[in-house]
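Coordinates from coords.cif are shown below (mmCIF, C-alpha atoms and all ligand atoms).
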data_entry
#
loop_
_atom_site.label_atom_id
_atom_site.label_comp_id
_atom_site.auth_asym_id
_atom_site.auth_seq_id
_atom_site.Cartn_x
_atom_site.Cartn_y
_atom_site.Cartn_z
CA ASP A 1 91.46 90.84 119.38
CA VAL A 2 89.49 88.90 116.83
CA ALA A 3 91.14 87.04 113.97
CA ALA A 4 90.39 88.23 110.46
CA ARG A 5 87.84 86.54 108.29
CA ILE A 6 89.62 84.40 105.72
CA ILE A 7 88.61 85.07 102.14
CA ASP A 8 88.65 81.62 100.57
CA GLY A 9 89.74 82.09 96.97
CA LYS A 10 89.73 78.38 96.34
CA ALA A 11 86.05 78.07 97.25
CA VAL A 12 85.04 81.19 95.32
CA SER A 13 86.97 80.07 92.24
CA GLN A 14 85.33 76.61 92.40
CA LYS A 15 81.91 78.22 92.50
CA LEU A 16 82.74 80.50 89.55
CA ARG A 17 84.16 77.60 87.56
CA THR A 18 81.01 75.55 88.09
CA GLU A 19 78.88 78.49 86.94
CA LEU A 20 81.17 78.99 83.98
CA ALA A 21 80.88 75.34 82.92
CA ASP A 22 77.10 75.83 82.73
CA GLU A 23 77.55 78.96 80.61
CA VAL A 24 79.95 77.14 78.32
CA ALA A 25 77.49 74.30 77.88
CA ALA A 26 74.70 76.75 76.99
CA PHE A 27 76.95 78.61 74.55
CA LYS A 28 78.00 75.40 72.83
CA GLN A 29 74.40 74.33 72.50
CA GLN A 30 73.32 77.67 71.02
CA THR A 31 76.20 78.10 68.61
CA GLY A 32 77.89 74.75 68.09
CA VAL A 33 81.16 76.54 68.86
CA ILE A 34 83.66 75.10 71.34
CA PRO A 35 85.62 77.91 73.04
CA HIS A 36 89.31 77.23 72.54
CA LEU A 37 92.31 78.68 74.37
CA ALA A 38 95.77 78.25 72.88
CA VAL A 39 98.56 78.55 75.44
CA VAL A 40 102.08 79.12 74.18
CA LEU A 41 105.12 78.32 76.28
CA VAL A 42 108.62 79.22 75.15
CA GLY A 43 111.40 77.43 76.99
CA ASP A 44 111.36 75.06 79.93
CA ASP A 45 110.95 77.19 83.05
CA PRO A 46 109.37 74.72 85.52
CA ALA A 47 107.06 77.27 87.20
CA SER A 48 105.77 78.45 83.80
CA ALA A 49 105.23 74.86 82.71
CA VAL A 50 103.04 74.25 85.78
CA TYR A 51 100.96 77.38 85.09
CA VAL A 52 100.53 76.50 81.42
CA ARG A 53 99.42 72.98 82.20
CA SER A 54 96.86 74.10 84.77
CA LYS A 55 95.50 76.67 82.31
CA SER A 56 94.83 74.16 79.55
CA LYS A 57 93.53 71.61 82.07
CA GLY A 58 91.19 74.26 83.48
CA CYS A 59 89.75 74.83 80.02
CA GLU A 60 88.96 71.16 79.61
CA GLN A 61 87.31 70.99 83.03
CA ALA A 62 85.02 73.86 81.99
CA GLY A 63 84.07 72.10 78.75
CA MET A 64 86.35 74.21 76.57
CA ALA A 65 89.34 73.22 74.47
CA GLY A 66 92.80 74.02 75.77
CA SER A 67 95.74 73.40 73.50
CA GLN A 68 99.31 73.84 74.53
CA MET A 69 102.21 74.70 72.25
CA THR A 70 105.73 74.44 73.60
CA LEU A 71 108.60 76.01 71.69
CA PRO A 72 112.31 75.59 72.46
CA ALA A 73 114.11 78.20 74.60
CA ASP A 74 116.13 79.41 71.58
CA THR A 75 113.02 80.28 69.53
CA SER A 76 113.49 83.55 67.67
CA GLN A 77 111.12 86.51 67.84
CA ALA A 78 110.25 85.97 64.17
CA GLN A 79 109.35 82.34 64.81
CA LEU A 80 107.11 83.24 67.73
CA LEU A 81 105.47 86.02 65.68
CA GLU A 82 104.78 83.44 63.00
CA LEU A 83 103.01 81.18 65.49
CA VAL A 84 100.98 84.12 66.85
CA ALA A 85 99.96 85.06 63.30
CA ARG A 86 98.86 81.50 62.66
CA LEU A 87 96.77 81.44 65.85
CA ASN A 88 95.30 84.86 65.04
CA ALA A 89 94.14 83.54 61.67
CA ASP A 90 92.75 80.27 63.03
CA PRO A 91 88.97 80.60 63.42
CA GLN A 92 88.93 77.60 65.79
CA VAL A 93 91.15 79.44 68.29
CA HIS A 94 89.39 82.10 70.38
CA GLY A 95 91.96 82.93 73.04
CA ILE A 96 95.74 83.22 72.78
CA LEU A 97 97.94 83.32 75.84
CA VAL A 98 101.70 83.63 75.57
CA GLN A 99 103.15 82.66 78.93
CA LEU A 100 105.52 85.29 80.37
CA PRO A 101 108.37 85.77 80.95
CA LEU A 102 109.82 85.15 77.49
CA PRO A 103 113.49 84.38 76.82
CA ARG A 104 115.83 87.36 76.43
CA GLN A 105 116.03 87.33 72.65
CA ILE A 106 112.29 88.04 72.39
CA ASP A 107 110.75 91.46 73.04
CA GLU A 108 107.57 90.81 75.06
CA THR A 109 105.89 94.02 73.91
CA VAL A 110 106.34 93.09 70.25
CA ILE A 111 104.68 89.72 70.87
CA LEU A 112 101.83 91.07 73.00
CA ASP A 113 101.14 93.79 70.40
CA ALA A 114 100.89 91.11 67.71
CA ILE A 115 98.07 89.17 69.39
CA ASP A 116 94.63 89.88 67.91
CA PRO A 117 93.00 92.14 70.55
CA LEU A 118 89.81 90.06 70.27
CA LYS A 119 91.83 86.96 71.28
CA ASP A 120 93.88 88.69 73.97
CA VAL A 121 92.46 86.86 76.99
CA ASP A 122 95.28 88.13 79.23
CA GLY A 123 94.17 91.71 78.55
CA PHE A 124 97.70 92.98 77.96
CA HIS A 125 97.22 94.40 74.45
CA ALA A 126 97.26 98.21 74.30
CA SER A 127 93.70 98.36 72.98
CA ASN A 128 92.38 96.27 75.88
CA VAL A 129 94.39 98.32 78.39
CA GLY A 130 92.95 101.47 76.80
CA LEU A 131 89.38 100.19 76.96
CA LEU A 132 89.82 99.39 80.66
CA ALA A 133 91.31 102.82 81.32
CA GLN A 134 88.31 104.41 79.58
CA GLY A 135 85.89 102.49 81.78
CA ARG A 136 84.56 100.22 79.03
CA PRO A 137 86.56 97.07 79.68
CA ARG A 138 86.75 94.16 77.24
CA PHE A 139 89.46 91.75 78.42
CA VAL A 140 90.65 92.67 81.92
CA PRO A 141 93.92 91.16 83.20
CA CYS A 142 93.02 87.99 85.09
CA THR A 143 94.74 88.57 88.44
CA PRO A 144 93.29 92.01 89.24
CA LEU A 145 89.91 90.89 87.90
CA GLY A 146 90.09 87.94 90.30
CA CYS A 147 90.89 90.29 93.21
CA GLN A 148 87.86 92.43 92.36
CA LYS A 149 85.64 89.34 92.20
CA LEU A 150 86.91 88.27 95.64
CA LEU A 151 86.02 91.66 97.12
CA LEU A 152 82.56 91.50 95.53
CA ASP A 153 81.94 87.93 96.65
CA ALA A 154 83.06 88.69 100.21
CA GLY A 155 80.75 91.72 100.29
CA ILE A 156 83.60 94.13 101.04
CA PRO A 157 82.34 97.63 100.23
CA THR A 158 84.63 99.41 97.75
CA SER A 159 82.50 102.51 97.15
CA GLY A 160 84.08 105.42 98.98
CA ALA A 161 86.71 103.17 100.53
CA HIS A 162 90.36 104.13 100.44
CA ALA A 163 92.08 101.38 98.47
CA VAL A 164 95.87 101.28 98.47
CA VAL A 165 97.47 99.19 95.76
CA ILE A 166 101.12 98.39 96.39
CA GLY A 167 102.82 97.76 93.04
CA ARG A 168 102.41 99.44 89.66
CA SER A 169 103.03 96.60 87.21
CA GLU A 170 101.07 96.41 83.96
CA ILE A 171 99.96 92.91 84.92
CA VAL A 172 98.62 93.56 88.42
CA GLY A 173 99.06 96.96 90.09
CA LYS A 174 97.94 99.36 87.37
CA PRO A 175 94.91 97.40 86.13
CA MET A 176 93.91 96.75 89.78
CA ALA A 177 93.86 100.49 90.40
CA SER A 178 91.84 101.02 87.19
CA LEU A 179 89.23 98.53 88.34
CA LEU A 180 88.94 99.97 91.84
CA VAL A 181 88.53 103.55 90.63
CA GLN A 182 85.95 102.64 87.97
CA LYS A 183 82.33 103.66 88.42
CA GLY A 184 80.00 100.92 89.62
CA ALA A 185 80.09 97.65 91.52
CA GLY A 186 83.53 96.65 92.75
CA GLY A 187 84.77 100.17 92.07
CA ASP A 188 84.07 103.74 93.18
CA ALA A 189 87.03 103.56 95.56
CA THR A 190 89.48 106.35 96.30
CA VAL A 191 92.66 104.79 95.00
CA THR A 192 96.31 105.30 95.88
CA ILE A 193 99.08 103.43 94.07
CA CYS A 194 102.35 102.86 95.92
CA HIS A 195 105.65 101.69 94.45
CA SER A 196 109.35 101.64 95.19
CA ARG A 197 109.61 105.45 95.07
CA THR A 198 106.72 106.11 97.43
CA LYS A 199 107.68 108.16 100.48
CA ASP A 200 106.64 106.71 103.84
CA LEU A 201 104.75 103.82 102.31
CA ALA A 202 103.81 102.42 105.74
CA ALA A 203 101.96 105.63 106.64
CA VAL A 204 100.04 105.57 103.36
CA VAL A 205 99.07 101.92 103.75
CA ARG A 206 97.94 102.59 107.31
CA THR A 207 95.15 104.83 105.95
CA ALA A 208 93.78 102.05 103.72
CA ASP A 209 90.41 100.37 104.11
CA ILE A 210 91.51 97.91 101.39
CA VAL A 211 95.13 96.93 100.76
CA VAL A 212 96.14 95.06 97.62
CA ALA A 213 99.73 93.85 97.87
CA ALA A 214 101.39 93.06 94.51
CA ILE A 215 105.05 93.61 95.22
CA GLY A 216 106.91 90.32 94.89
CA ARG A 217 108.67 90.58 98.28
CA PRO A 218 107.96 87.96 100.94
CA LYS A 219 106.04 89.27 103.99
CA PHE A 220 106.62 92.90 102.97
CA VAL A 221 103.32 94.14 104.44
CA THR A 222 103.56 93.90 108.21
CA ALA A 223 100.94 94.24 110.94
CA ASP A 224 102.04 97.77 111.91
CA MET A 225 101.04 98.96 108.41
CA ILE A 226 97.44 97.77 108.71
CA LYS A 227 94.50 99.78 109.99
CA PRO A 228 92.43 97.59 112.33
CA GLY A 229 89.59 95.97 110.37
CA ALA A 230 91.06 96.64 106.93
CA THR A 231 90.69 94.13 104.09
CA VAL A 232 93.98 92.71 102.85
CA ILE A 233 94.30 91.08 99.42
CA ASP A 234 97.65 89.35 98.96
CA VAL A 235 98.64 88.83 95.32
CA GLY A 236 102.24 87.85 96.06
CA ILE A 237 103.60 84.41 95.32
CA ASN A 238 107.10 84.02 96.71
CA ARG A 239 109.02 80.80 97.00
CA ILE A 240 111.20 80.83 100.10
CA GLU A 241 113.05 78.05 101.92
CA THR A 242 110.04 77.22 104.10
CA GLY A 243 107.60 77.13 101.18
CA LEU A 244 105.22 79.51 99.46
CA VAL A 245 104.47 82.89 101.06
CA GLY A 246 102.67 86.03 99.99
CA ASP A 247 103.69 89.68 100.09
CA VAL A 248 101.85 89.95 103.42
CA ASP A 249 103.10 88.77 106.81
CA TYR A 250 99.99 86.60 107.13
CA GLY A 251 100.02 85.52 110.80
CA PRO A 252 100.42 88.90 112.52
CA VAL A 253 98.42 90.79 109.87
CA SER A 254 95.46 88.43 110.22
CA GLU A 255 95.18 89.47 113.88
CA ILE A 256 94.66 93.12 112.87
CA ALA A 257 92.86 92.92 109.53
CA GLY A 258 89.10 92.46 109.17
CA ALA A 259 89.45 90.11 106.22
CA ILE A 260 92.44 88.60 104.45
CA THR A 261 93.31 86.27 101.57
CA PRO A 262 95.69 83.40 102.33
CA VAL A 263 98.63 82.29 100.17
CA PRO A 264 98.13 79.78 98.70
CA GLY A 265 94.36 79.52 98.30
CA GLY A 266 93.54 83.20 97.87
CA VAL A 267 94.15 85.18 94.70
CA GLY A 268 96.02 82.39 92.86
CA PRO A 269 93.04 80.13 92.08
CA MET A 270 90.98 83.17 91.01
CA THR A 271 93.47 84.05 88.27
CA ILE A 272 92.77 80.83 86.35
CA ALA A 273 89.02 81.14 86.86
CA MET A 274 89.16 84.62 85.29
CA LEU A 275 91.24 83.33 82.38
CA LEU A 276 88.56 80.73 81.68
CA ALA A 277 85.85 83.40 81.85
CA ASN A 278 87.84 85.56 79.42
CA THR A 279 88.15 82.60 77.05
CA LEU A 280 84.37 82.17 76.94
CA LEU A 281 84.02 85.94 76.43
CA ALA A 282 86.49 85.74 73.53
CA ALA A 283 84.50 82.94 71.91
CA LYS A 284 81.30 84.97 72.32
CA LEU A 285 82.82 88.14 70.84
CA GLN A 286 84.26 86.30 67.84
CA THR A 287 81.12 84.30 67.20
CA GLN A 288 79.13 87.55 67.25
CA ALA A 289 81.64 89.30 65.00
CA ARG A 290 81.36 86.57 62.40
CA ARG A 291 77.58 86.68 62.19
P1 LIG B 1 106.51 93.31 89.38
O1 LIG B 1 107.86 92.95 89.84
O2 LIG B 1 106.25 93.54 87.93
O3 LIG B 1 106.05 94.63 90.15
C1 LIG B 1 106.29 94.80 91.52
C2 LIG B 1 105.88 96.17 91.96
O4 LIG B 1 106.18 96.31 93.34
C3 LIG B 1 106.61 97.29 91.21
O5 LIG B 1 105.72 98.29 90.85
C4 LIG B 1 107.63 97.77 92.25
O6 LIG B 1 107.89 99.17 92.19
C5 LIG B 1 106.92 97.48 93.55
N1 LIG B 1 107.91 97.29 94.62
C6 LIG B 1 108.95 96.42 94.63
N2 LIG B 1 109.65 96.57 95.76
C7 LIG B 1 109.06 97.56 96.45
C8 LIG B 1 109.33 98.18 97.70
N3 LIG B 1 110.38 97.81 98.44
N4 LIG B 1 108.51 99.16 98.11
C9 LIG B 1 107.46 99.53 97.37
N5 LIG B 1 107.15 98.99 96.18
C10 LIG B 1 107.95 98.01 95.73
O7 LIG B 1 105.55 92.18 89.96
P2 LIG B 1 104.05 91.75 89.52
O8 LIG B 1 103.12 92.87 89.64
O9 LIG B 1 104.10 91.00 88.26
O10 LIG B 1 103.76 90.66 90.66
C11 LIG B 1 103.72 91.00 92.02
C12 LIG B 1 103.60 89.75 92.86
O11 LIG B 1 102.40 89.08 92.55
C13 LIG B 1 104.70 88.71 92.66
O12 LIG B 1 104.93 88.05 93.89
C14 LIG B 1 104.09 87.74 91.68
O13 LIG B 1 104.65 86.45 91.82
C15 LIG B 1 102.66 87.75 92.13
N6 LIG B 1 101.70 87.41 91.08
C16 LIG B 1 100.70 86.56 91.42
C17 LIG B 1 99.74 86.21 90.52
C18 LIG B 1 98.64 85.32 90.96
O14 LIG B 1 98.02 84.68 90.14
N7 LIG B 1 98.31 85.28 92.24
C19 LIG B 1 99.78 86.69 89.12
C20 LIG B 1 100.81 87.68 88.89
C21 LIG B 1 101.74 87.99 89.85
P3 LIG B 1 108.65 99.87 90.95
O15 LIG B 1 107.67 99.89 89.84
O16 LIG B 1 108.96 101.21 91.47
O17 LIG B 1 109.85 99.01 90.67
#

Would you kindly transcribe this structure into structure tokens?
Ligand code: NDP
Amino acid sequence: DVAARIIDGKAVSQKLRTELADEVAAFKQQTGVIPHLAVVLVGDDPASAVYVRSKSKGCEQAGMAGSQMTLPADTSQAQLLELVARLNADPQVHGILVQLPLPRQIDETVILDAIDPLKDVDGFHASNVGLLAQGRPRFVPCTPLGCQKLLLDAGIPTSGAHAVVIGRSEIVGKPMASLLVQKGAGGDATVTICHSRTKDLAAVVRTADIVVAAIGRPKFVTADMIKPGATVIDVGINRIETGLVGDVDYGPVSEIAGAITPVPGGVGPMTIAMLLANTLLAAKLQTQARR
């Protein structure tokens, strides 16, 4: 058998980031506006701190401003709401990202609802979720958007394909399914969403032309679940004793699949690239709105 083609998310994200830097430069020249992403971190979770740093660094590399605000772990909901209100009102700030998860005393939904929908570069606000569901997306959540871009870049046909998304989170699974079912490029798929209550999940996945695994369980998707030649997109990031692994059992699956994303170096780098693209979009929308 032939080994699967490896979909190189690192290379694709580099290409997109280079293109984006050109767009940022053109936008700055036309408008004099510097797109600015404000990233808020509450607490000192080391993984979150790494993500937050790479997000603001990514902005700077693309010619945008990335500011980082770190609040103590015992910050109250009211205090965080106050910061969000301040960022909402700041015309210099175009994108606001509150890094999840938040400490227990803070209700994530309350915070996400408080972010100005025009600054909601994560795409988690109800109005952005609604616009995506209606097929007129504004800010699309970065991880599923990155998966769609990978499929498009790799020339994987989605139209008429059976796409099985494993996972129904608001951050990955659901918006991924919305994108795949949408009319047009990167969509037009027949979509099935699986989750922990799905009966005979393996049999469902075996019918998939495209599998998107967003489960959060190391090596959950095994070779026996994959139709020969299928495309496998692995969103999972799991830290185990031997290092970082995806939700897909990469070695054996790559001998059956037609194309596959590695972990790391697959979906992960795309997520940041999409965040940067959403930040430029936010700056464009707000600059338009003010004219
Ligand atoms: P969630 O925990 O929010 O959702 C996991 C989903 O998987 C749920 O819908 C759950 O079902 C389903 N699930 C869990 N166990 C099973 C099972 N045994 N059988 C079938 N379905 C199951 O995770 P996220 O969507 O936030 O993230 C998923 C993975 O992607 C994680 O590894 C995360 O680290 C990674 N991730 C990677 C990103 C990147 O940039 N590459 C960004 C975001 C996430 P149910 O709803 O029924 O509980």

As a VMD selection string, please: the residues near Arg53 (chain A) (cut-off 10 Å, all atoms listed in the file, same-chain neighbours under 6 positions excluded).
chain A and resid 39 41 66 to 68

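Nearest to ligand LIG 1 (chain B) of all the residues A:Pro157, A:Gly251, A:Gly43, A:Pro101 is A:Pro101, counting all atoms listed in the file.
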
Val93 (chain A) environment, 9 Å, all atoms listed in the file, sequence neighbours closer than 6 positions dropped, as a list of chain:residue names
A:Pro35, A:His36, A:Leu37, A:Ala38, A:Ala65, A:Leu87, A:Lys119, A:Ala283

Pull the closest atom pair for each residue of chain A that gets at most 8 Å from ligand LIG 1 (chain B), along with the distance in Å to one decimal, counting only C-alpha atoms and all ligand atoms, ordering rows by chain and then ascending residue number, as CSV.
residue,atom,partner,partner_atom,distance
A:Cys142,CA,B:LIG1,O14,7.8
A:Thr143,CA,B:LIG1,O14,5.4
A:Ile166,CA,B:LIG1,N5,6.1
A:Gly167,CA,B:LIG1,C2,3.6
A:Arg168,CA,B:LIG1,O5,3.7
A:Ser169,CA,B:LIG1,O8,4.5
A:Glu170,CA,B:LIG1,O8,7.0
A:Ile171,CA,B:LIG1,O9,5.7
A:Val172,CA,B:LIG1,O8,4.7
A:Gly173,CA,B:LIG1,O8,5.8
A:Cys194,CA,B:LIG1,N5,6.2
A:His195,CA,B:LIG1,N5,3.5
A:Ser196,CA,B:LIG1,C9,3.6
A:Arg197,CA,B:LIG1,O16,5.6
A:Thr198,CA,B:LIG1,C9,6.6
A:Leu201,CA,B:LIG1,C9,7.1
A:Ala213,CA,B:LIG1,C12,7.5
A:Ala214,CA,B:LIG1,C11,4.0
A:Ile215,CA,B:LIG1,O4,3.5
A:Gly216,CA,B:LIG1,O12,3.2
A:Arg217,CA,B:LIG1,O12,6.3
A:Pro218,CA,B:LIG1,O12,7.7
A:Phe220,CA,B:LIG1,N3,7.7
A:Asp234,CA,B:LIG1,N7,7.9
A:Val235,CA,B:LIG1,O11,4.7
A:Gly236,CA,B:LIG1,O12,3.5
A:Ile237,CA,B:LIG1,O12,4.1
A:Asn238,CA,B:LIG1,O12,5.4
A:Gly246,CA,B:LIG1,O12,6.8
A:Asp247,CA,B:LIG1,O12,6.5
A:Gly266,CA,B:LIG1,N7,7.7
A:Val267,CA,B:LIG1,N7,4.8
A:Gly268,CA,B:LIG1,N7,3.7
A:Pro269,CA,B:LIG1,O14,7.0
A:Met270,CA,B:LIG1,O14,7.3
A:Thr271,CA,B:LIG1,O14,5.0
A:Ile272,CA,B:LIG1,O14,7.5

Applying 12 Å and all atoms listed in the file, which residues near Leu71 (chain A) remain after dropping the ones on its own chain fewer than 3 positions away? List them as a PyMOL selection string.
chain A and resi 39-45+49+68+74-77+79-80+83+98-99+102-103

One-decimal distance in Å that lies between CA of Gly58 (chain A) and CA of Ala277 (chain A):
10.7 Å

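Across the model, the gap from CA of Pro137 (chain A) to CA of Arg17 (chain A) is 21.1 Å.
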
What is the CA of Gly123 (chain A) to CA of Leu100 (chain A) distance in Å?
13.2 Å

Could you check which residues have any atom within 12 Å of (88.0, 80.3, 90.3), counting only C-alpha atoms with coordinates taken straight from the file, and then list them as an NGL selection string?
:A and (8-21 or 55 or 58-59 or 61-62 or 142-143 or 145-147 or 149-150 or 153 or 265-277)

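Residue nearest Val191 (chain A), chosen from A:Lys174, A:Lys28, A:Arg138, A:Lys284 and counting only C-alpha atoms: A:Lys174.
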